[in-house]
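Source file coords21.txt; content: compact mmCIF, C-alpha atoms.
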```
# COMPACT_ATOMS: atom_id res chain seq x y z
CA GLY A 8 -3.91 -33.83 48.20
CA GLU A 9 -7.09 -35.72 48.89
CA SER A 10 -7.30 -39.20 47.49
CA VAL A 11 -9.18 -42.39 47.88
CA GLY A 12 -7.53 -45.44 46.40
CA LEU A 13 -8.00 -49.17 46.12
CA HIS A 14 -5.38 -51.82 46.71
CA LEU A 15 -6.72 -54.31 44.15
CA PRO A 16 -8.05 -53.20 40.80
CA THR A 17 -9.52 -56.63 39.95
CA LEU A 18 -10.81 -59.49 42.03
CA SER A 19 -12.04 -62.92 40.92
CA VAL A 20 -13.89 -65.14 43.37
CA GLN A 21 -15.68 -68.45 43.19
CA GLU A 22 -19.43 -68.35 43.58
CA GLY A 23 -20.32 -68.96 47.20
CA ASP A 24 -17.02 -67.69 48.56
CA ASN A 25 -16.66 -64.48 50.51
CA SER A 26 -15.22 -61.38 48.82
CA ILE A 27 -13.18 -58.65 50.42
CA ILE A 28 -12.57 -55.36 48.65
CA ASN A 29 -10.17 -52.90 50.23
CA CYS A 30 -9.85 -49.15 50.05
CA ALA A 31 -7.48 -46.54 51.46
CA TYR A 32 -8.37 -42.93 52.06
CA SER A 33 -6.19 -39.98 52.95
CA ASN A 34 -8.45 -37.21 54.27
CA SER A 35 -8.55 -37.27 58.06
CA ALA A 36 -11.51 -34.89 58.05
CA SER A 37 -13.76 -37.36 56.23
CA ASP A 38 -16.51 -38.54 58.53
CA TYR A 39 -18.74 -40.55 56.24
CA PHE A 40 -17.87 -43.35 53.85
CA ILE A 41 -19.93 -45.13 51.25
CA TRP A 42 -19.57 -48.19 49.07
CA TYR A 43 -21.19 -48.13 45.65
CA LYS A 44 -21.71 -50.90 43.13
CA GLN A 45 -21.73 -50.06 39.45
CA GLU A 46 -22.87 -52.43 36.76
CA SER A 47 -22.02 -51.89 33.13
CA GLY A 48 -23.97 -49.02 31.60
CA LYS A 49 -25.59 -47.99 34.87
CA GLY A 50 -25.00 -45.35 37.51
CA PRO A 51 -23.42 -46.22 40.87
CA GLN A 52 -25.80 -47.93 43.27
CA PHE A 53 -25.57 -47.39 47.02
CA ILE A 54 -24.63 -50.55 48.94
CA ILE A 55 -23.75 -49.55 52.47
CA ASP A 56 -22.34 -46.63 54.40
CA ILE A 57 -20.54 -46.04 57.66
CA ARG A 58 -19.86 -43.00 59.79
CA SER A 59 -16.52 -42.30 61.36
CA ASN A 60 -17.79 -42.94 64.88
CA MET A 61 -18.29 -46.60 63.96
CA ASP A 62 -15.83 -49.31 62.99
CA LYS A 63 -18.23 -51.89 61.60
CA ARG A 64 -21.62 -51.93 59.99
CA GLN A 65 -23.53 -54.87 58.60
CA GLY A 66 -26.14 -55.07 55.92
CA GLN A 67 -27.68 -57.91 54.01
CA ARG A 68 -24.69 -60.09 53.01
CA VAL A 69 -22.39 -57.06 53.18
CA THR A 70 -20.23 -55.71 55.96
CA VAL A 71 -18.14 -52.55 55.94
CA LEU A 72 -15.17 -52.18 58.25
CA LEU A 73 -13.51 -48.86 59.00
CA ASN A 74 -10.06 -48.52 60.51
CA LYS A 75 -9.44 -44.85 61.12
CA THR A 76 -5.97 -45.46 62.54
CA VAL A 77 -4.65 -46.60 59.17
CA LYS A 78 -7.35 -44.88 57.08
CA HIS A 79 -8.64 -48.10 55.60
CA LEU A 80 -12.06 -49.30 54.53
CA SER A 81 -13.12 -52.73 53.45
CA LEU A 82 -16.26 -54.23 51.98
CA GLN A 83 -17.01 -57.84 52.70
CA ILE A 84 -19.57 -59.69 50.63
CA ALA A 85 -20.71 -63.02 52.02
CA ALA A 86 -21.58 -65.96 49.78
CA THR A 87 -20.76 -64.05 46.60
CA GLN A 88 -23.24 -64.56 43.78
CA PRO A 89 -22.95 -64.01 40.02
CA GLY A 90 -25.15 -60.93 40.40
CA ASP A 91 -22.46 -59.38 42.56
CA SER A 92 -20.18 -59.05 39.53
CA ALA A 93 -19.64 -55.33 39.05
CA VAL A 94 -17.21 -52.52 39.77
CA TYR A 95 -17.15 -51.44 43.41
CA PHE A 96 -16.20 -47.93 44.47
CA CYS A 97 -15.47 -46.62 47.89
CA ALA A 98 -16.22 -42.96 48.43
CA GLU A 99 -15.52 -40.51 51.21
CA ASN A 100 -17.61 -37.53 52.21
CA ILE A 101 -15.35 -34.62 53.01
CA PRO A 102 -16.45 -31.35 54.65
CA LEU A 103 -18.90 -29.22 52.61
CA GLY A 104 -20.63 -32.31 51.29
CA LYS A 105 -18.23 -33.17 48.48
CA VAL A 106 -17.81 -36.86 47.78
CA ILE A 107 -14.56 -38.26 46.43
CA PHE A 108 -14.54 -41.64 44.72
CA GLY A 109 -11.74 -44.13 44.47
CA PRO A 110 -10.77 -45.68 41.11
CA GLY A 111 -12.83 -48.87 41.60
CA THR A 112 -12.32 -52.63 41.91
CA SER A 113 -13.80 -54.96 39.35
CA LEU A 114 -15.31 -58.04 40.99
CA SER A 115 -15.79 -61.09 38.82
CA VAL A 116 -17.70 -64.07 40.20
CA ILE A 117 -16.82 -67.44 38.73
CA PRO A 118 -19.84 -69.79 38.59
CA ASP B 5 -34.24 -47.51 39.64
CA THR B 6 -33.13 -44.89 42.19
CA GLY B 7 -35.69 -42.28 41.20
CA VAL B 8 -33.11 -40.02 39.55
CA SER B 9 -33.58 -39.79 35.80
CA GLN B 10 -31.32 -38.42 33.11
CA ASP B 11 -31.95 -37.55 29.51
CA PRO B 12 -30.70 -38.44 26.99
CA ARG B 13 -29.07 -41.72 27.90
CA HIS B 14 -26.70 -41.50 24.95
CA LYS B 15 -25.48 -38.61 22.84
CA ILE B 16 -23.19 -38.64 19.83
CA THR B 17 -22.05 -35.28 18.57
CA LYS B 18 -19.41 -33.75 16.36
CA ARG B 19 -16.55 -31.76 17.76
CA GLY B 20 -17.47 -28.11 18.15
CA GLN B 21 -21.18 -28.69 18.69
CA ASN B 22 -23.04 -27.78 21.87
CA VAL B 23 -24.85 -30.40 23.93
CA THR B 24 -27.25 -30.16 26.86
CA PHE B 25 -28.13 -32.86 29.35
CA ARG B 26 -31.00 -32.93 31.79
CA CYS B 27 -31.29 -34.43 35.26
CA ASP B 28 -34.46 -34.90 37.28
CA PRO B 29 -33.61 -35.65 40.90
CA ILE B 30 -35.69 -37.40 43.53
CA SER B 31 -38.43 -34.86 44.15
CA GLU B 32 -37.85 -34.18 47.83
CA HIS B 33 -34.07 -33.89 47.47
CA ASN B 34 -32.69 -30.38 47.61
CA ARG B 35 -29.10 -31.22 46.67
CA LEU B 36 -28.12 -32.12 43.13
CA TYR B 37 -24.67 -33.13 41.92
CA TRP B 38 -23.01 -33.57 38.55
CA TYR B 39 -20.10 -35.95 38.00
CA ARG B 40 -18.07 -37.07 35.02
CA GLN B 41 -16.83 -40.63 34.70
CA THR B 42 -14.36 -42.01 32.19
CA LEU B 43 -13.79 -45.68 31.53
CA GLY B 44 -12.20 -47.52 34.42
CA GLN B 45 -12.29 -44.53 36.74
CA GLY B 46 -14.51 -43.44 39.57
CA PRO B 47 -16.89 -40.53 39.14
CA GLU B 48 -15.22 -37.09 39.34
CA PHE B 49 -17.11 -34.27 40.99
CA LEU B 50 -18.05 -31.38 38.71
CA THR B 51 -20.52 -29.21 40.60
CA TYR B 52 -23.43 -29.25 43.00
CA PHE B 53 -26.55 -27.28 43.85
CA GLN B 54 -28.39 -26.65 47.06
CA ASN B 55 -31.87 -25.86 45.77
CA GLU B 56 -31.23 -23.39 42.93
CA ALA B 57 -27.90 -22.14 44.23
CA GLN B 58 -24.72 -23.53 42.67
CA LEU B 59 -22.45 -23.89 45.69
CA GLU B 60 -19.29 -25.42 44.33
CA LYS B 61 -17.61 -25.94 40.99
CA SER B 62 -14.66 -28.19 40.34
CA ARG B 63 -11.61 -27.00 38.49
CA LEU B 64 -12.55 -29.71 35.98
CA LEU B 65 -15.48 -27.54 34.97
CA SER B 66 -13.98 -25.36 32.27
CA ASP B 67 -15.60 -22.22 30.87
CA ARG B 68 -17.25 -24.37 28.21
CA PHE B 69 -19.32 -26.10 30.87
CA SER B 70 -22.32 -24.53 32.54
CA ALA B 71 -24.92 -25.98 34.85
CA GLU B 72 -28.23 -24.57 35.98
CA ARG B 73 -31.01 -25.51 38.33
CA PRO B 74 -33.42 -22.62 37.79
CA LYS B 75 -36.30 -23.71 39.99
CA GLY B 76 -34.47 -25.93 42.39
CA SER B 77 -35.84 -29.06 40.77
CA PHE B 78 -34.38 -30.38 37.50
CA SER B 79 -30.92 -29.36 36.35
CA THR B 80 -29.21 -28.99 33.00
CA LEU B 81 -25.55 -29.36 32.13
CA GLU B 82 -24.44 -27.71 28.91
CA ILE B 83 -21.13 -28.24 27.15
CA GLN B 84 -20.27 -25.70 24.50
CA ARG B 85 -17.85 -26.31 21.64
CA THR B 86 -17.41 -29.95 22.56
CA GLU B 87 -13.99 -31.55 22.30
CA GLN B 88 -13.09 -35.21 21.97
CA GLY B 89 -11.80 -35.14 25.53
CA ASP B 90 -15.33 -34.41 26.72
CA SER B 91 -16.35 -37.95 25.80
CA ALA B 92 -17.41 -39.56 29.06
CA MET B 93 -20.38 -40.64 31.14
CA TYR B 94 -22.06 -37.70 32.85
CA LEU B 95 -23.75 -38.71 36.07
CA CYS B 96 -26.26 -36.84 38.14
CA ALA B 97 -26.98 -37.58 41.79
CA SER B 98 -29.29 -36.13 44.40
CA SER B 99 -29.45 -36.17 48.17
CA SER B 100 -31.62 -34.77 50.91
CA GLY B 101 -28.95 -32.24 51.80
CA GLN B 102 -28.27 -33.37 55.33
CA ARG B 103 -24.59 -33.81 56.06
CA GLY B 104 -23.50 -37.32 55.28
CA GLU B 105 -26.68 -38.26 53.47
CA THR B 106 -26.35 -40.75 50.66
CA GLN B 107 -26.29 -39.56 47.10
CA TYR B 108 -28.54 -41.47 44.72
CA PHE B 109 -27.33 -41.66 41.16
CA GLY B 110 -29.14 -41.58 37.88
CA PRO B 111 -28.26 -43.91 34.98
CA GLY B 112 -25.99 -41.34 33.37
CA THR B 113 -25.69 -39.79 29.92
CA ARG B 114 -22.95 -41.27 27.79
CA LEU B 115 -21.42 -38.65 25.51
CA LEU B 116 -19.30 -39.46 22.49
CA VAL B 117 -17.65 -36.59 20.67
CA LEU B 118 -16.43 -37.48 17.21
```
If you convert what's in this file into structure tokens, what do you get?
Amino acid sequence: GESVGLHLPTLSVQEGDNSIINCAYSNSASDYFIWYKQESGKGPQFIIDIRSNMDKRQGQRVTVLLNKTVKHLSLQIAATQPGDSAVYFCAENIPLGKVIFGPGTSLSVIP
Amino acid sequence: DTGVSQDPRHKITKRGQNVTFRCDPISEHNRLYWYRQTLGQGPEFLTYFQNEAQLEKSRLLSDRFSAERPKGSFSTLEIQRTEQGDSAMYLCASSSGQRGETQYFGPGTRLLVL
């Protein structure tokens, strides 16, 4: 069946270091991928997206990499800050507009 | 603040009672989605609307659940005869409806069924 999963459920990084959060997906028909950040008690917040015709996209301090060959996504956060502490979800947009979320990675930034 | 609002933010109810949640999407968005999220998990798709039409319902959406979007603007999600297993965060999201457009989430309604 369809699934989006994460390799690491928790990640602790030192403030100022770079963070890398990984995600695997299984639906070859997915053509749009999104990373969301969710803080405690809040809804998911859009961070960055990438379409399947790209392999890299950069935002402010964040970069998403897409490897369609191995169905892998990663989110890189540069110079991680305490405010980056949250749960991060990757999500894939399958045909008909449905979005499937992975289980999430909890990022903890150590001051 | 994404522009999507949900009400109430928290709801505590007794098993067997009915509850109704409301979502107000971003005004120009014609797609509206409902998700359920339990602790430590990603949001699970429940249903979505294109304007007032309900286009897809997940198998998670039992007969006790019903959603409406009567005028293509706000939406309501009703759970009848609540069960303890219904305790979760119920999230609403909206998008412009173009393929691959980002969904913007509201803050969610946290339901606790005692």
B:Glu72, B:Asp28, B:Asp90, B:Asp11 ranked by distance to Phe53 of chain B, top pick (using all atoms listed in the file) =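 So, comparing all the options, the nearest one is B:Glu72.
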For chain A, report every residue with an atom at most 10 Å from chain B (counting all atoms listed in the file), formatted as a PyMOL selection string.
-> chain A and resi 11-12+16+37-41+43+45+48-53+55-58+94-113
Suppose you want the space between atom CA of Met61 of chain A and atom CA of Ser100 of chain B; what is it in Å?
->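 These two atoms are separated by 22.1 Å.
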Neighbourhood query: residues within 7 Å of (-24.3, -25.3, 35.3), file coordinates, counting only C-alpha atoms; return as number ranges by chain.
-> B: 69-72, 80-82
Between B:Ala57, B:Ile83, B:Ala92, B:Leu64, which one has atoms that come closest to Arg26 of chain B, using only C-alpha atoms?
-> B:Ile83
Separation of atom CA of Asn29 of chain A and atom CA of Gln67 of chain A, in Å?
->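 A separation of 18.6 Å between them.
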Quick one: pull the distance between atom CA of Leu80 of chain A and atom CA of Asn60 of chain A, Å, one decimal.
-> 13.4 Å
Contact residues around Ile30 of chain B with only C-alpha atoms at 8 Å, ignoring same-chain residues under 4 positions, as a PyMOL selection string | chain B and resi 7-8+98-99
Box centre and edge lengths (Å, one decimal), axis-aligned, segment 69-76 of chain B plus 8 Å each side, as lines of an AutoDock Vina configuration file:
```
center_x = -27.8
center_y = -24.4
center_z = 36.6
size_x = 33.0
size_y = 19.5
size_z = 27.5
```
Excluding same-chain residues fewer than 4 positions from Thr70 of chain A, what lies within 8 Å of it counting all atoms listed in the file, as a list in words?
-> Ile55, Lys63, Arg64, Gln65, Gly66, Leu82, Gln83 and Ile84 of chain A
Which of these residues is nearest to Arg73 of chain B, using only C-alpha atoms: B:Pro29, B:Leu115, B:Arg40, B:Gln21?
-> B:Pro29
Point (-13.9, -64.4, 49.1), cut-off 12 Å, counting only C-alpha atoms, residues as a PyMOL selection string | chain A and resi 18-28+69+82-88+91+114-117
From the structure block, carefully write segment 44-93 of chain A out with N, CA and C atoms; format it as an mmCIF file, in the first residue's frame.
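In the end it all went to part.cif:
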```cif
data_model
loop_
_atom_site.group_PDB
_atom_site.id
_atom_site.type_symbol
_atom_site.label_atom_id
_atom_site.label_comp_id
_atom_site.auth_asym_id
_atom_site.auth_seq_id
_atom_site.Cartn_x
_atom_site.Cartn_y
_atom_site.Cartn_z
ATOM 1 N N LYS A 44 6.274 21.582 9.487
ATOM 2 C CA LYS A 44 6.784 21.680 10.857
ATOM 3 C C LYS A 44 5.583 21.822 11.776
ATOM 4 N N GLN A 45 5.572 21.050 12.841
ATOM 5 C CA GLN A 45 4.461 21.150 13.782
ATOM 6 C C GLN A 45 4.978 21.351 15.191
ATOM 7 N N GLU A 46 4.622 22.468 15.768
ATOM 8 C CA GLU A 46 4.953 22.744 17.161
ATOM 9 C C GLU A 46 3.819 22.259 18.042
ATOM 10 N N SER A 47 4.147 22.046 19.287
ATOM 11 C CA SER A 47 3.175 21.480 20.231
ATOM 12 C C SER A 47 1.903 22.319 20.288
ATOM 13 N N GLY A 48 0.767 21.660 20.114
ATOM 14 C CA GLY A 48 -0.515 22.341 20.228
ATOM 15 C C GLY A 48 -0.927 23.143 19.016
ATOM 16 N N LYS A 49 -0.152 23.052 17.935
ATOM 17 C CA LYS A 49 -0.462 23.819 16.733
ATOM 18 C C LYS A 49 -0.649 22.901 15.533
ATOM 19 N N GLY A 50 -1.246 23.425 14.485
ATOM 20 C CA GLY A 50 -1.371 22.670 13.254
ATOM 21 C C GLY A 50 -0.066 22.663 12.487
ATOM 22 N N PRO A 51 0.092 21.739 11.543
ATOM 23 C CA PRO A 51 1.307 21.704 10.720
ATOM 24 C C PRO A 51 1.490 23.004 9.941
ATOM 25 N N GLN A 52 2.726 23.426 9.859
ATOM 26 C CA GLN A 52 3.069 24.671 9.163
ATOM 27 C C GLN A 52 3.939 24.331 7.968
ATOM 28 N N PHE A 53 3.557 24.825 6.798
ATOM 29 C CA PHE A 53 4.316 24.588 5.575
ATOM 30 C C PHE A 53 5.735 25.147 5.707
ATOM 31 N N ILE A 54 6.724 24.333 5.293
ATOM 32 C CA ILE A 54 8.114 24.804 5.292
ATOM 33 C C ILE A 54 8.596 24.995 3.869
ATOM 34 N N ILE A 55 8.547 23.910 3.105
ATOM 35 C CA ILE A 55 9.079 23.942 1.757
ATOM 36 C C ILE A 55 8.485 22.783 0.974
ATOM 37 N N ASP A 56 8.405 22.941 -0.334
ATOM 38 C CA ASP A 56 7.872 21.875 -1.165
ATOM 39 C C ASP A 56 8.801 21.638 -2.356
ATOM 40 N N ILE A 57 8.558 20.541 -3.043
ATOM 41 C CA ILE A 57 9.348 20.237 -4.231
ATOM 42 C C ILE A 57 8.513 19.382 -5.162
ATOM 43 N N ARG A 58 8.614 19.638 -6.440
ATOM 44 C CA ARG A 58 7.906 18.842 -7.424
ATOM 45 C C ARG A 58 8.831 17.763 -7.968
ATOM 46 N N SER A 59 8.234 16.752 -8.538
ATOM 47 C CA SER A 59 9.022 15.579 -8.922
ATOM 48 C C SER A 59 9.958 15.837 -10.100
ATOM 49 N N ASN A 60 9.800 16.956 -10.772
ATOM 50 C CA ASN A 60 10.706 17.262 -11.881
ATOM 51 C C ASN A 60 11.959 18.011 -11.402
ATOM 52 N N MET A 61 12.083 18.122 -10.074
ATOM 53 C CA MET A 61 13.250 18.779 -9.489
ATOM 54 C C MET A 61 13.932 17.792 -8.555
ATOM 55 N N ASP A 62 15.216 18.022 -8.268
ATOM 56 C CA ASP A 62 15.877 17.183 -7.276
ATOM 57 C C ASP A 62 16.381 17.988 -6.076
ATOM 58 N N LYS A 63 16.274 19.310 -6.174
ATOM 59 C CA LYS A 63 16.726 20.140 -5.058
ATOM 60 C C LYS A 63 15.974 21.460 -5.091
ATOM 61 N N ARG A 64 15.642 21.922 -3.918
ATOM 62 C CA ARG A 64 15.017 23.236 -3.814
ATOM 63 C C ARG A 64 15.470 23.875 -2.512
ATOM 64 N N GLN A 65 15.806 25.145 -2.589
ATOM 65 C CA GLN A 65 16.310 25.839 -1.405
ATOM 66 C C GLN A 65 15.368 26.937 -0.976
ATOM 67 N N GLY A 66 15.257 27.061 0.354
ATOM 68 C CA GLY A 66 14.518 28.164 0.921
ATOM 69 C C GLY A 66 15.426 28.910 1.874
ATOM 70 N N GLN A 67 14.808 29.612 2.793
ATOM 71 C CA GLN A 67 15.614 30.333 3.775
ATOM 72 C C GLN A 67 16.065 29.352 4.851
ATOM 73 N N ARG A 68 17.321 29.033 4.880
ATOM 74 C CA ARG A 68 17.944 28.081 5.821
ATOM 75 C C ARG A 68 17.511 26.631 5.622
ATOM 76 N N VAL A 69 16.604 26.371 4.726
ATOM 77 C CA VAL A 69 16.161 24.993 4.487
ATOM 78 C C VAL A 69 16.388 24.591 3.034
ATOM 79 N N THR A 70 16.708 23.325 2.869
ATOM 80 C CA THR A 70 16.889 22.744 1.545
ATOM 81 C C THR A 70 16.198 21.396 1.525
ATOM 82 N N VAL A 71 15.460 21.123 0.476
ATOM 83 C CA VAL A 71 14.851 19.807 0.314
ATOM 84 C C VAL A 71 15.520 19.131 -0.882
ATOM 85 N N LEU A 72 15.872 17.876 -0.675
ATOM 86 C CA LEU A 72 16.449 17.049 -1.721
ATOM 87 C C LEU A 72 15.511 15.899 -2.034
ATOM 88 N N LEU A 73 15.352 15.619 -3.306
ATOM 89 C CA LEU A 73 14.476 14.528 -3.740
ATOM 90 C C LEU A 73 15.270 13.568 -4.607
ATOM 91 N N ASN A 74 15.261 12.314 -4.234
ATOM 92 C CA ASN A 74 15.902 11.268 -5.018
ATOM 93 C C ASN A 74 14.821 10.285 -5.437
ATOM 94 N N LYS A 75 14.366 10.434 -6.665
ATOM 95 C CA LYS A 75 13.251 9.613 -7.132
ATOM 96 C C LYS A 75 13.680 8.169 -7.378
ATOM 97 N N THR A 76 14.960 7.975 -7.631
ATOM 98 C CA THR A 76 15.452 6.622 -7.909
ATOM 99 C C THR A 76 15.232 5.704 -6.707
ATOM 100 N N VAL A 77 15.517 6.247 -5.525
ATOM 101 C CA VAL A 77 15.356 5.442 -4.311
ATOM 102 C C VAL A 77 14.167 5.916 -3.479
ATOM 103 N N LYS A 78 13.361 6.815 -4.039
ATOM 104 C CA LYS A 78 12.160 7.321 -3.361
ATOM 105 C C LYS A 78 12.494 7.867 -1.980
ATOM 106 N N HIS A 79 13.346 8.855 -1.962
ATOM 107 C CA HIS A 79 13.848 9.402 -0.712
ATOM 108 C C HIS A 79 13.808 10.930 -0.753
ATOM 109 N N LEU A 80 13.386 11.482 0.359
ATOM 110 C CA LEU A 80 13.351 12.934 0.557
ATOM 111 C C LEU A 80 14.200 13.277 1.768
ATOM 112 N N SER A 81 14.816 14.429 1.733
ATOM 113 C CA SER A 81 15.455 14.896 2.959
ATOM 114 C C SER A 81 15.228 16.393 3.125
ATOM 115 N N LEU A 82 15.237 16.796 4.365
ATOM 116 C CA LEU A 82 15.123 18.210 4.723
ATOM 117 C C LEU A 82 16.381 18.601 5.463
ATOM 118 N N GLN A 83 17.063 19.586 4.959
ATOM 119 C CA GLN A 83 18.268 20.075 5.609
ATOM 120 C C GLN A 83 17.984 21.454 6.185
ATOM 121 N N ILE A 84 18.305 21.621 7.445
ATOM 122 C CA ILE A 84 18.143 22.910 8.114
ATOM 123 C C ILE A 84 19.539 23.404 8.475
ATOM 124 N N ALA A 85 19.896 24.556 7.967
ATOM 125 C CA ALA A 85 21.221 25.109 8.242
ATOM 126 C C ALA A 85 21.204 25.922 9.539
ATOM 127 N N ALA A 86 22.302 25.851 10.260
ATOM 128 C CA ALA A 86 22.469 26.652 11.482
ATOM 129 C C ALA A 86 21.230 26.541 12.366
ATOM 130 N N THR A 87 20.942 25.324 12.795
ATOM 131 C CA THR A 87 19.717 25.040 13.551
ATOM 132 C C THR A 87 19.617 25.918 14.800
ATOM 133 N N GLN A 88 18.429 26.423 15.017
ATOM 134 C CA GLN A 88 18.161 27.325 16.140
ATOM 135 C C GLN A 88 17.154 26.685 17.096
ATOM 136 N N PRO A 89 17.118 27.148 18.343
ATOM 137 C CA PRO A 89 16.143 26.587 19.296
ATOM 138 C C PRO A 89 14.708 26.634 18.783
ATOM 139 N N GLY A 90 14.371 27.657 18.026
ATOM 140 C CA GLY A 90 13.026 27.774 17.464
ATOM 141 C C GLY A 90 12.704 26.736 16.417
ATOM 142 N N ASP A 91 13.701 25.984 15.998
ATOM 143 C CA ASP A 91 13.479 24.915 15.025
ATOM 144 C C ASP A 91 12.986 23.636 15.697
ATOM 145 N N SER A 92 13.044 23.599 17.021
ATOM 146 C CA SER A 92 12.587 22.414 17.749
ATOM 147 C C SER A 92 11.097 22.195 17.486
ATOM 148 N N ALA A 93 10.779 21.036 16.958
ATOM 149 C CA ALA A 93 9.398 20.729 16.582
ATOM 150 C C ALA A 93 9.380 19.314 16.015
#
```
